[in-house]
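Right, one structure below, let's go through it.
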Amino acid sequence: MEDGRDLFERRLSREDLLKLAAATGGAGLVAGRAGLAEAARAQLAAESGRLQVLDWAGYGNDGGQSMFAAYVKAHPKNKPQFSYMTNEADALAKIHAGAKADLFRPYVGWVKYFATSGLVQPWNPKLITNFKHLNSFMVKAGQYQGKQYGIPDDWGFDAILYRSDKVKPKARSWGLLFDERYKGKIAWYDDITMIQMAGLYLGFKDTWNQTDAQLKKSQNLLKSKKHLVKLFWSSETNLWEAFGSGEVWIAYAWPNDWVQMKKKGLKVVYMKPKEKPLAWVGMFMLLKGSSRPKLAHAYVNAWSSAKSGKWLEDNYGYGHANTLARPSSSDLLRALQLTNPKAVTLPNAYLDRDIPRRALYAKAWEEVKAS
Amino acid sequence: MLPIAIVAAYSLNVYSLLPGEHGFTLDGWRAFIHSSVYLGLFWKSVKMSLIVSVAVVALAYPLAYYLALSGTKRKYVLLLVLIAPFLTSYLLRVLAWKVILGNEGVLNTFLFWTGLRSHDHPISQLLYSRFAVMLVLAYVWLPFVALPIFVSLESLDRRLLEAATDLGASRWQAFLRVTLPLSLPGVAAGFLFVFIPTLGEFVTPSLVGGTSGYMYGNQIVDLFATGFPDWETGSVLAIFLLGVVTVLTAAFSRFLQGRQVAGT
């Protein structure tokens with residue numbers, strides 16, 4: 001709350017005060033300092049214009065309307081206007097290039113990076129009524145130095161999906177993605193999480209902070225096994241197309257991919273590797289230059305409701321941080337382990353976290369693709 | 001020129017996307033020149049583009065020859081048919097090949113129907129491969145090559161062919177000694193029309209290329225916008241590509257000018 005108050009008071013610049021005084025013909029000055037501050041706060045409370053949201057495709061007016069319907073109903077004059085990010089690196093570039101968004105959605109591994117970048121400001125959880133229903137582990141993952149920089153919403157796992165009628169794994173391990181027997185039938189995810197996954201497979205203690213030698217080993221493992229891989233998928237539809245048509249039998253995948261392939265009538269298993277799956281959580285972040293912080297809070301509140309959560313689970317197959325949200329599909333409930341509030345953390349999975357040397361990881365992954 | 005200058009400045013770290021200390025350095029270029037990975041990928045893309053360009057020229061030439069010199073009255077109708085796919089979007093034309101080449105695609109379904117392949121053993125090397133990238137690129141760029149060759153053949157002075165025949169040349173000799181040399185500017189232009197854009201291509205490989213069809217253009221895009229933005233290296237790769245293309249274009253122009261001078 002302190003931060004929220006700071007924010008509004010900081011915004012009462014000298015220029016604002018002068019404008020206000022001029023507009024009220026000096027009435028504010030007559031009314032005294034307290035009255036003036038109140039009047040100014042009221043002016044700022046009436047945030048104007050459309051809320052600018054930088055989000056992933058599918059989360060805006062291109063299919064995700066149900067997630068923020070409550071916001072649109074309450075703020076018809078401030079409907080969200082979307083610009084899209086393809087990933088956090090893309091968002092980072094857009095923000096640095098001057099994109100004027102109020103909020104955006106990086107994933108949990110980027111919380112520390114953005115919190116320390118000076119580009120974002122903490123949320124005021126008291127302005128988000130649904131906040132109390134959000135999963136406490138995910139909420140904690142959205143904090144940095146005690147401040148709530150990220151509001152958790154969508155989440156899921158990275159594990160292994162395979163066709164049980166075609167594939168006989170030797171072990172419950174990430175190693176299935178490197179299995180020579182299935183050359184040309186494997187799909188990897190086009191993301192630097194492949195480096196973390198390789199580190200887990202190789203047994204590194206802290207796969208998010210690999211030493212130079214470890215990073216080289218992870219990279220070499222991926223380079224040496226790349227010839228087995230048919231494609232690197234970057235969107236789920238891309239994966240569903242290839243997996244559904246039998247182009248690939250084994251994939252680095254999310255829970256919803258298992259549900260979708262099962263719906264298609266394929267015999268599929270979503271395997272949790274013994275090295276543990278990775279878990280990811282989408283985190284709404286409030287940009288520092290936002291001129292509509294209250295509207296941004298209202299928008300995130302709409303996204304955080306149990307109703308929105310259920311819709312997201314039913315329609316997109318991702319988990320939702322609201323612990324009251326439950327999908328209609330029992331398969332999805334099982335795949336996401338929604339009855340276990342600690343599903344995204346140990347001993348079940350590793351929640352994705354900050355990568356101190358992210359640029360090096362990215363370079364290593366790019367070189368794997370180029371090799 | 002300004003955007004190119006800005007990219008060049010990024011490649012020399014004069015500009016930097018992220019705040020912090022930065023200044024002129026050749027480190028990005030040094031790393032690139034010593035990187036077997038990036039240069040290897042560039043060479044792979046050059047080979048793919050060369051194969052596509054040569055194949056397309058070889059396919060387009062007979063087409064253009066027929067349209068220009070066969071004397072058919074429907075040549076403009078046929079030309080329209082050739083460029084008809086351009087009425088649809090580039091993306092759609094590439095995606096259509098996914099429908100044809102996939103495991104459950106038109107080609108495999110036909111093979112299942114004829115009994116040449118069983119449902120359990122489709123030809124799965126068609127899609128998400130280097131072959132798929134080259135096939136789709138060849139399809140996409142064929143009309144771009146056929147048109148300049150058609151124009152150069154269309155403007156050919158037919159009296160030269162008559163003269164060759166009068167002097168005892170066979171049709172084949174007349175083609176080799178008269179038609180082909182005079183149509184070479186069109187062939188060279190067509191070759192360049194394909195080679196330059198395919199060398200930096202990234203849409204087609206990202207849709208049908210899979211792991212093995214990954215090209216130099218994809219790497220440039222990925223360096224700019226995935227993982228962690230590395231605009232310095234991305235700019236180095238982009239400027240290098242631009243340099244190579246400029247040199248190639250200049251060399252071809254010189255070659256064509258030389259031929260024109262020799263011809264006059």
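Chain labels run A, B, ... following the order of the structure tokens; each chain numbers its residues from 1, and ligands are numbered from 1 in the order shown.
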
Q: Considering only C-alpha atoms, return as a ChimeraX atom specification whatever protein or nucleic-acid residues lie within 7 Å of Asn13 (chain B), sequence-local ones (same chain, fewer than 3 positions apart) excluded.
A: /B:9-10,16,22-25,232

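The residue set within 8 Å of region 214-222 of chain B, counting only C-alpha atoms and dropping same-chain residues fewer than 5 places from it, reads Glu366, Lys369 and Ala370 of chain A; Tyr38, Leu41, Phe42, Lys44, Ser45, Arg130, Leu199, Gly200, Glu201, Phe202, Val203, Pro205, Ser206, Gly209, Gly227, Gly234, Ser235, Leu237 and Ala238 of chain B.
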
Please produce a file of the residues just selected, as an mmCIF file, in the first residue's frame, where the atoms kept are N, CA and C atoms.
```cif
data_model
loop_
_atom_site.group_PDB
_atom_site.id
_atom_site.type_symbol
_atom_site.label_atom_id
_atom_site.label_comp_id
_atom_site.auth_asym_id
_atom_site.auth_seq_id
_atom_site.Cartn_x
_atom_site.Cartn_y
_atom_site.Cartn_z
ATOM 1 N N GLU A 366 21.218 -20.168 -29.071
ATOM 2 C CA GLU A 366 21.227 -19.755 -30.474
ATOM 3 C C GLU A 366 22.286 -20.526 -31.254
ATOM 4 N N LYS A 369 21.060 -23.929 -32.199
ATOM 5 C CA LYS A 369 20.178 -23.912 -33.364
ATOM 6 C C LYS A 369 20.963 -23.706 -34.657
ATOM 7 N N ALA A 370 21.993 -22.851 -34.574
ATOM 8 C CA ALA A 370 22.764 -22.524 -35.780
ATOM 9 C C ALA A 370 23.757 -23.619 -36.151
ATOM 10 N N TYR B 38 28.371 -19.427 -36.927
ATOM 11 C CA TYR B 38 27.653 -18.474 -37.768
ATOM 12 C C TYR B 38 28.093 -18.562 -39.234
ATOM 13 N N LEU B 41 26.691 -21.628 -40.757
ATOM 14 C CA LEU B 41 25.271 -21.463 -41.080
ATOM 15 C C LEU B 41 25.120 -20.607 -42.340
ATOM 16 N N PHE B 42 25.981 -19.601 -42.464
ATOM 17 C CA PHE B 42 25.913 -18.750 -43.652
ATOM 18 C C PHE B 42 26.218 -19.571 -44.904
ATOM 19 N N LYS B 44 25.912 -22.758 -45.271
ATOM 20 C CA LYS B 44 24.787 -23.684 -45.503
ATOM 21 C C LYS B 44 23.668 -22.957 -46.262
ATOM 22 N N SER B 45 23.383 -21.713 -45.850
ATOM 23 C CA SER B 45 22.329 -20.941 -46.512
ATOM 24 C C SER B 45 22.713 -20.592 -47.946
ATOM 25 N N ARG B 130 15.332 -29.696 -44.990
ATOM 26 C CA ARG B 130 16.001 -28.778 -45.904
ATOM 27 C C ARG B 130 15.351 -28.876 -47.295
ATOM 28 N N LEU B 199 18.660 -15.987 -49.782
ATOM 29 C CA LEU B 199 19.815 -16.045 -48.887
ATOM 30 C C LEU B 199 19.454 -15.518 -47.489
ATOM 31 N N GLY B 200 18.596 -14.539 -47.444
ATOM 32 C CA GLY B 200 18.193 -13.988 -46.140
ATOM 33 C C GLY B 200 16.821 -14.468 -45.693
ATOM 34 N N GLU B 201 16.295 -15.474 -46.359
ATOM 35 C CA GLU B 201 14.928 -15.958 -46.095
ATOM 36 C C GLU B 201 14.770 -16.471 -44.663
ATOM 37 N N PHE B 202 13.632 -16.158 -44.047
ATOM 38 C CA PHE B 202 13.387 -16.733 -42.720
ATOM 39 C C PHE B 202 11.955 -17.216 -42.519
ATOM 40 N N VAL B 203 11.020 -16.756 -43.344
ATOM 41 C CA VAL B 203 9.623 -17.176 -43.150
ATOM 42 C C VAL B 203 9.445 -18.646 -43.554
ATOM 43 N N PRO B 205 11.688 -21.151 -44.018
ATOM 44 C CA PRO B 205 12.333 -22.138 -43.126
ATOM 45 C C PRO B 205 11.650 -22.256 -41.770
ATOM 46 N N SER B 206 11.117 -21.153 -41.267
ATOM 47 C CA SER B 206 10.484 -21.263 -39.945
ATOM 48 C C SER B 206 9.159 -22.021 -40.032
ATOM 49 N N GLY B 209 10.787 -25.685 -42.400
ATOM 50 C CA GLY B 209 12.182 -26.126 -42.359
ATOM 51 C C GLY B 209 12.566 -27.057 -41.231
ATOM 52 N N GLY B 227 15.163 -15.360 -26.684
ATOM 53 C CA GLY B 227 16.146 -15.638 -25.628
ATOM 54 C C GLY B 227 16.486 -14.410 -24.829
ATOM 55 N N GLY B 234 23.288 -9.681 -33.830
ATOM 56 C CA GLY B 234 22.273 -9.706 -34.886
ATOM 57 C C GLY B 234 22.606 -8.702 -35.983
ATOM 58 N N SER B 235 23.063 -7.524 -35.573
ATOM 59 C CA SER B 235 23.406 -6.481 -36.554
ATOM 60 C C SER B 235 24.647 -6.866 -37.353
ATOM 61 N N LEU B 237 25.550 -9.880 -38.144
ATOM 62 C CA LEU B 237 25.110 -10.870 -39.134
ATOM 63 C C LEU B 237 24.356 -10.204 -40.284
ATOM 64 N N ALA B 238 23.504 -9.228 -39.930
ATOM 65 C CA ALA B 238 22.693 -8.551 -40.954
ATOM 66 C C ALA B 238 23.577 -7.731 -41.896
#
```

Please produce, as a tab-separated table, a per-residue contact table for chain B versus chain A (criterion: any atom at most 6 Å away, only C-alpha atoms considered), showing the nearest atom pair and its distance in Å to one decimal, sorted by chain then residue number.
```
residue	atom	partner	partner_atom	distance
B:Val37	CA	A:Ser371	CA	5.4
B:Leu41	CA	A:Ala370	CA	6.0
B:Asn103	CA	A:Ser245	CA	5.9
B:Glu104	CA	A:Ser245	CA	6.0
B:Gly210	CA	A:Leu231	CA	4.1
B:Thr211	CA	A:Leu231	CA	4.7
B:Ala225	CA	A:Asp90	CA	4.9
B:Thr226	CA	A:Ala89	CA	5.5
B:Gly227	CA	A:Ala362	CA	4.8
B:Phe228	CA	A:Ala89	CA	5.0
B:Pro229	CA	A:Ala89	CA	5.4
```

Q) Leu333 (chain A): which residues within 9 Å, counting only C-alpha atoms, same-chain residues fewer than 6 positions away excluded, as a list of chain:residue names? A)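 Close residues of Leu333 (chain A): A:Glu313, A:Gly319, A:Arg326, A:Pro327, A:Thr339.
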
Using C-alpha atoms, can you write the selected residues to a file as a short mmCIF file (atom, residue, chain, number, x, y, z; two decimals), in the first residue's frame?
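selection-v4.cif, freshly written:
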```cif
data_model
loop_
_atom_site.label_atom_id
_atom_site.label_comp_id
_atom_site.auth_asym_id
_atom_site.auth_seq_id
_atom_site.Cartn_x
_atom_site.Cartn_y
_atom_site.Cartn_z
CA GLU A 313 -8.30 -23.60 -17.87
CA GLY A 319 -3.40 -23.55 -15.01
CA ARG A 326 -11.21 -25.57 -11.47
CA PRO A 327 -11.40 -26.81 -15.04
CA THR A 339 -5.53 -30.26 -6.10
#
```

Q) So how far away is CA of Ser218 (chain A) from CA of Met194 (chain A), in Å? A)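 Computing it gives 8.9 Å between the two atoms.
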
Q) DSSP on the backbone: what in region 96-298 of chain A comes out strand (DSSP E or B), as a VMD selection string? A) chain A and resid 103 to 104 107 120 to 121 134 143 to 144 147 to 148 151 to 163 186 to 189 229 to 233 250 to 253 268 to 271 278 to 287

Q.
So that I can see what lies close to Asp354 (chain A), please list as a list in words the residues with an atom at most 7 Å from it, counting only C-alpha atoms and leaving out residues fewer than 3 positions away in the same chain.
A. Gly109, Trp110, Lys112 and Trp208 of chain A

Q | Residues near Ser89 (chain B), cut-off 12 Å, only C-alpha atoms, skip fewer than 6 positions along chain, as a list in words | A |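 Once the nearby chain positions are removed, what remains is Leu95, Ala96 and Val140 of chain B.
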
Q. Counting only C-alpha atoms, what is within 12 Å of region 65-82 of chain B, bar same-chain residues fewer than 5 positions away, as an NGL selection string?
A. :B and (57-60 or 87 or 139-158 or 161 or 175 or 179-180 or 183 or 186-187)

**Q.** Selection: 8 Å around Ala298 (chain A), only C-alpha atoms, excl. self and same-chain fewer than 6 positions, as a list of chain:residue names
**A.**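 That gives A:Tyr71, A:Leu127, A:Ile128.
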
Q | All alpha helix (DSSP H) positions in region 119-312 of chain A, as a PyMOL selection string | A | chain A and resi 136-141+193-201+212-225+236-244+255-263+293-303+306-312

Q | Pairwise distance for CA of Thr165 (chain B) and CA of Val54 (chain B), rounded to one decimal in Å | A |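 Answer for the CA of Thr165 (chain B) to CA of Val54 (chain B) separation: 29.9 Å.
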
Q: Counting only C-alpha atoms, figure out which residue out of A:Asn348, A:Asp165, A:Ala115, A:Phe157 gets nearest to Gln145 (chain A).
A: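 Going through A:Asn348, A:Asp165, A:Ala115, A:Phe157 one by one, the smallest distance to Gln145 (chain A) is for A:Ala115.
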
**Q.** Nearest to Leu278 (chain A) by atom-to-atom distance, counting only C-alpha atoms, from A:Ala99, A:Leu134, A:Ala57, A:Ala343
**A.**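 Selected residue with least distance to Leu278 (chain A): A:Ala343.
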
Q.
As an exercise, work out the distance from CA of Pro85 (chain B) to CA of Leu135 (chain B) in Å and give it to one decimal place.
A.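 Going from CA of Pro85 (chain B) over to CA of Leu135 (chain B), I get 15.5 Å.
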